[in-house]
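All remarks here apply to the structure that follows.
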Amino acid sequence: MFLLLALPAIVASEAPLRINDLTMIGTHNSYKLAMPDTRMAQLRAVDPASADALDYAHRPIVEQLDAGARQLELDIWYDPRGGLYADGSDDPAMQRPGFKVQHMAGFDNRSTCLTLVACLTIIRDWSNAHPGHVPILLMFNTNDNERFLKGEPYTEAAYDALDAEVRSVLSPAKLIVPDDVQGGYPTLRDAVLANNWPTLAASRGKFLFALDQGPAKVALYRGQRRSLEGRVFFVNTDEDSPAAAYLTLNDPVGQADRIARAVKANFIVRTRADVATREARTNDTRLRDAALRSGAHYISTDYLWSDRRFTGGYRVRLPDGAVALCNPVRRPQGCDDATTEPVNR
């Protein structure tokens, strides 16, 4: 059992509501399967803390979406020639060029969908079957580290290929991109400060993408653009950037004030309810409850469902099974007692 915080739900009349007026739950590393027992045992023998941190897995993406997840996270690896991340697999999909989906190449690399195209196809098909869903954030880490396997480095051309691969699966009608928000404003940030986000009514059945990377990769993705003209992804950056629209602020306790300020200023924020399995192991709800109070639009967890190995039954859902609620910091006008999607029981 978990604490049901008193968050307002969304009224049926949604005309004044915009996509940044909501609060939703999402999942961290949404594709991830458990590591093989032998590999986990090897890691635990030399580094128990890292073993604990990696000892989680998710149900298939469709089950997460059915349960109300409205933010998904994918770790992708650039593989322009194919076969780089196969790790002995003879699956034809791993031998073909295209972005691959896994957590740590060469080590923690089991996934419910092996390629970006496969993952996006699953998500698109679910969306087409549920056209009234609130907008879903797809958050990406673009990985190329060399801890276990030398990855293909990201370049501006790699990011061009990433945008093209997303667009090969999702039509413009399914996307909310930076240009949609910027409109006629000089910069994306100017548009956000003016609250030029699409309305909820116009955003049902759509996706927005966020690149959760540091300054170096964000600079590669932006190139010479003033903001993000022509790009698919919003980027994680500071509030003063001309490209500012989305922020990853993963500490709802230590960053509570910054989250609240950003939300009030119309930026979209993602935070986390739990990290590295710690909260689930002890049923520590402090971070989760702070996240639900914070005003962050997307609250990410590894525990849409409880892990039966741990006592206490830690999990993260919105009160009464709601899929989306009115943002507790923004408190948009017109919110009372109706949810935006059918309640999940």
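Naming scheme: A, B, ... for chains in displayed order of the structure tokens; residues 1 onward per chain; ligands 1 onward as shown.
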
List the neighbours of Ala49 of chain A out to 12 Å using only C-alpha atoms; skip same-chain residues closer than 5 positions along the sequence, and give me the result as number ranges by chain. A: 40, 43-44, 54-55, 276-278

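Atom CA of Glu73 of chain A to atom CA of His28 of chain A spans 5.5 Å [interatomic distance, one decimal].
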
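The residues of segment 220-345 of chain A that DSSP assigns to alpha helix (DSSP H) on this backbone come out as Leu220, Tyr221, Arg222, Ala256, Asp257, Arg258, Ile259, Ala260, Arg261, Ala262, Val263, Lys264, Arg278, Glu279, Ala280, Arg281, Thr282, Arg286, Leu287, Arg288, Asp289, Ala290, Ala291, Leu292, Arg293 and Ser294 of chain A.
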
Find the nearest atom pair between each residue of segment 84-122 of chain A and segment 133-141 of chain A for residues within 10 Å, count only C-alpha atoms, give distances in Å to one decimal, sort rows by chain and ascending number, and present the table as JSON lines.
{"residue": "A:Val101", "atom": "CA", "partner": "A:Asn141", "partner_atom": "CA", "distance": 9.9}
{"residue": "A:His103", "atom": "CA", "partner": "A:Asn141", "partner_atom": "CA", "distance": 9.4}
{"residue": "A:Leu120", "atom": "CA", "partner": "A:Leu138", "partner_atom": "CA", "distance": 9.5}

Residues just named, written with all heavy atoms as a PDB file, in the first residue's frame:
ATOM      1  N   VAL A 101      19.022  -0.930 -28.857  1.00  0.00           N
ATOM      2  CA  VAL A 101      18.483  -0.531 -27.558  1.00  0.00           C
ATOM      3  C   VAL A 101      18.993  -1.494 -26.497  1.00  0.00           C
ATOM      4  O   VAL A 101      18.648  -2.681 -26.502  1.00  0.00           O
ATOM      5  CB  VAL A 101      16.945  -0.506 -27.585  1.00  0.00           C
ATOM      6  CG1 VAL A 101      16.392  -0.149 -26.202  1.00  0.00           C
ATOM      7  CG2 VAL A 101      16.439   0.475 -28.640  1.00  0.00           C
ATOM      8  N   HIS A 103      21.116  -1.362 -22.258  1.00  0.00           N
ATOM      9  CA  HIS A 103      21.592  -0.518 -21.170  1.00  0.00           C
ATOM     10  C   HIS A 103      23.104  -0.324 -21.234  1.00  0.00           C
ATOM     11  O   HIS A 103      23.591   0.798 -21.402  1.00  0.00           O
ATOM     12  CB  HIS A 103      21.181  -1.126 -19.826  1.00  0.00           C
ATOM     13  CG  HIS A 103      21.473  -0.246 -18.659  1.00  0.00           C
ATOM     14  ND1 HIS A 103      21.816  -0.746 -17.421  1.00  0.00           N
ATOM     15  CD2 HIS A 103      21.482   1.114 -18.533  1.00  0.00           C
ATOM     16  CE1 HIS A 103      21.999   0.259 -16.587  1.00  0.00           C
ATOM     17  NE2 HIS A 103      21.804   1.396 -17.228  1.00  0.00           N
ATOM     18  N   LEU A 120      10.002   1.592 -31.264  1.00  0.00           N
ATOM     19  CA  LEU A 120       9.084   2.633 -31.703  1.00  0.00           C
ATOM     20  C   LEU A 120       7.857   2.059 -32.390  1.00  0.00           C
ATOM     21  O   LEU A 120       6.751   2.608 -32.265  1.00  0.00           O
ATOM     22  CB  LEU A 120       9.797   3.607 -32.634  1.00  0.00           C
ATOM     23  CG  LEU A 120      10.869   4.487 -32.005  1.00  0.00           C
ATOM     24  CD1 LEU A 120      11.509   5.385 -33.065  1.00  0.00           C
ATOM     25  CD2 LEU A 120      10.309   5.333 -30.868  1.00  0.00           C
TER      26      LEU A 120
END

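By chain and then residue number, the residues within 12 Å of Ile122 of chain A are Tyr31, Pro60, Ile61, Val62, Glu63, Gln64, Leu65, Thr112, Cys113, Leu114, Thr115, Leu116, Val117, Ser127, Asn128, Ala129, Val169 and Leu170 of chain A, counting only C-alpha atoms and disregarding those fewer than 5 positions away in sequence.
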
If you run DSSP on the backbone here, which positions in segment 142-273 of chain A get strand (DSSP E)? Please write them as a VMD selection string. chain A and resid 142 to 143 207 to 211 233 to 235 246 to 248 268 to 272

List the neighbours of Ala161 of chain A out to 12 Å using only C-alpha atoms; skip same-chain residues closer than 2 positions along the sequence, and give me the result as a list of chain:residue names. A:Trp77, A:Tyr78, A:Asp79, A:Pro80, A:Pro97, A:Gly98, A:Phe99, A:Leu116, A:Tyr154, A:Thr155, A:Glu156, A:Ala157, A:Ala158, A:Tyr159, A:Asp163, A:Ala164, A:Glu165, A:Val166, A:Arg167, A:Ser168, A:Tyr221, A:Arg231, A:Val232

Just to be explicit: take each residue in the selection above, keep C-alpha atoms, and write the result as a CSV table (one decimal), in the first residue's frame.
chain,number,residue,atom,x,y,z
A,77,TRP,CA,23.6,2.9,-29.4
A,78,TYR,CA,24.6,4.0,-32.9
A,79,ASP,CA,25.4,1.1,-35.2
A,80,PRO,CA,25.7,2.4,-38.7
A,97,PRO,CA,22.5,-1.2,-39.5
A,98,GLY,CA,20.4,1.0,-37.2
A,99,PHE,CA,20.2,2.1,-33.6
A,116,LEU,CA,15.0,1.4,-32.0
A,154,TYR,CA,28.0,10.2,-31.7
A,155,THR,CA,28.5,12.9,-34.2
A,156,GLU,CA,26.1,15.5,-35.8
A,157,ALA,CA,25.6,13.0,-38.6
A,158,ALA,CA,24.7,10.3,-36.1
A,159,TYR,CA,22.1,12.6,-34.7
A,163,ASP,CA,16.0,12.0,-36.3
A,164,ALA,CA,15.5,10.2,-39.6
A,165,GLU,CA,15.0,6.8,-37.9
A,166,VAL,CA,12.4,8.3,-35.6
A,167,ARG,CA,10.6,9.9,-38.5
A,168,SER,CA,10.7,6.6,-40.4
A,221,TYR,CA,22.6,17.7,-31.7
A,231,ARG,CA,15.0,18.7,-35.0
A,232,VAL,CA,12.8,16.0,-33.5

As an exercise, work out the distance from atom CA of Arg286 of chain A to atom CA of Ala256 of chain A in Å and give it to one decimal place. 12.7 Å

Go through segment 207-253 of chain A residue by residue and, counting only C-alpha atoms, keep those with an atom at most 9 Å from segment 294-298 of chain A; for each kept residue give the shortest atom pair and its distance in Å to one decimal, ordered by chain and increasing number, as a tab-separated table.
residue	atom	partner	partner_atom	distance
A:Leu249	CA	A:Ala296	CA	8.5
A:Pro252	CA	A:Ser294	CA	6.3
A:Val253	CA	A:Ser294	CA	8.4

Among listed residues A:Asp91, A:Asp238, A:Glu152, A:Asp66, nearest Leu304 of chain A (using only C-alpha atoms): A:Asp66

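Across the model, the gap from atom CA of Leu33 of chain A to atom CA of Asp289 of chain A is 26.5 Å.
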
Quick one: residues within 10 Å of Gly183 of chain A, only C-alpha atoms, excluding same-chain residues fewer than 5 positions away - as a PDB file with C-alpha atoms, in the first residue's frame?
ATOM      1  CA  PRO A 178      10.398  21.924 -31.062  1.00  0.00           C
ATOM      2  CA  LEU A 188      12.216  28.027 -28.376  1.00  0.00           C
ATOM      3  CA  ALA A 191       7.903  30.371 -26.886  1.00  0.00           C
ATOM      4  CA  ASN A 196       3.111  28.209 -26.356  1.00  0.00           C
ATOM      5  CA  TRP A 197       2.929  24.470 -25.652  1.00  0.00           C
TER       6      TRP A 197
END

Compile the contact shell of Tyr56 of chain A as a PDB file with N, CA and C atoms, in the first residue's frame: residues with an atom at most 9 Å away, counting only C-alpha atoms, same-chain residues fewer than 4 positions apart removed.
ATOM      1  N   LYS A  32      14.385  -2.601 -20.308  1.00  0.00           N
ATOM      2  CA  LYS A  32      15.399  -3.446 -19.677  1.00  0.00           C
ATOM      3  C   LYS A  32      14.848  -4.759 -19.150  1.00  0.00           C
ATOM      4  N   LEU A  33      15.536  -5.846 -19.506  1.00  0.00           N
ATOM      5  CA  LEU A  33      15.303  -7.170 -18.942  1.00  0.00           C
ATOM      6  C   LEU A  33      16.375  -7.464 -17.895  1.00  0.00           C
ATOM      7  N   ALA A  34      16.097  -8.442 -17.049  1.00  0.00           N
ATOM      8  CA  ALA A  34      17.076  -8.812 -16.019  1.00  0.00           C
ATOM      9  C   ALA A  34      18.345  -9.353 -16.663  1.00  0.00           C
ATOM     10  N   MET A  35      19.465  -9.081 -16.029  1.00  0.00           N
ATOM     11  CA  MET A  35      20.727  -9.654 -16.471  1.00  0.00           C
ATOM     12  C   MET A  35      20.689 -11.171 -16.275  1.00  0.00           C
ATOM     13  N   ASP A  52      23.387  -4.579  -6.976  1.00  0.00           N
ATOM     14  CA  ASP A  52      22.090  -4.111  -6.476  1.00  0.00           C
ATOM     15  C   ASP A  52      21.487  -3.075  -7.420  1.00  0.00           C
ATOM     16  N   ALA A 276      18.415   3.312  -8.465  1.00  0.00           N
ATOM     17  CA  ALA A 276      19.336   2.189  -8.227  1.00  0.00           C
ATOM     18  C   ALA A 276      18.776   1.169  -7.237  1.00  0.00           C
ATOM     19  N   THR A 277      17.467   0.996  -7.218  1.00  0.00           N
ATOM     20  CA  THR A 277      16.723   0.006  -6.407  1.00  0.00           C
ATOM     21  C   THR A 277      16.722   0.318  -4.918  1.00  0.00           C
ATOM     22  N   ASP A 302      11.342   2.633 -11.521  1.00  0.00           N
ATOM     23  CA  ASP A 302      11.556   1.241 -11.927  1.00  0.00           C
ATOM     24  C   ASP A 302      10.481   0.334 -11.367  1.00  0.00           C
ATOM     25  N   TYR A 303       9.476   0.914 -10.701  1.00  0.00           N
ATOM     26  CA  TYR A 303       8.533   0.086  -9.950  1.00  0.00           C
ATOM     27  C   TYR A 303       7.086   0.512 -10.173  1.00  0.00           C
ATOM     28  N   ASP A 307       8.313  -5.244  -6.549  1.00  0.00           N
ATOM     29  CA  ASP A 307       9.212  -6.382  -6.695  1.00  0.00           C
ATOM     30  C   ASP A 307       8.956  -7.328  -5.522  1.00  0.00           C
TER      31      ASP A 307
END

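For the set A:Asp160, A:Arg96, A:Gly106, A:Ser203, the residue with the smallest atom-to-atom gap to Pro131 of chain A is A:Ser203, counting only C-alpha atoms.
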
Name all residues at most 9 Å from Ala265 of chain A (count only C-alpha atoms; drop same-chain ones fewer than 4 positions away) and give them as number ranges by chain. A: 192-195, 260-261
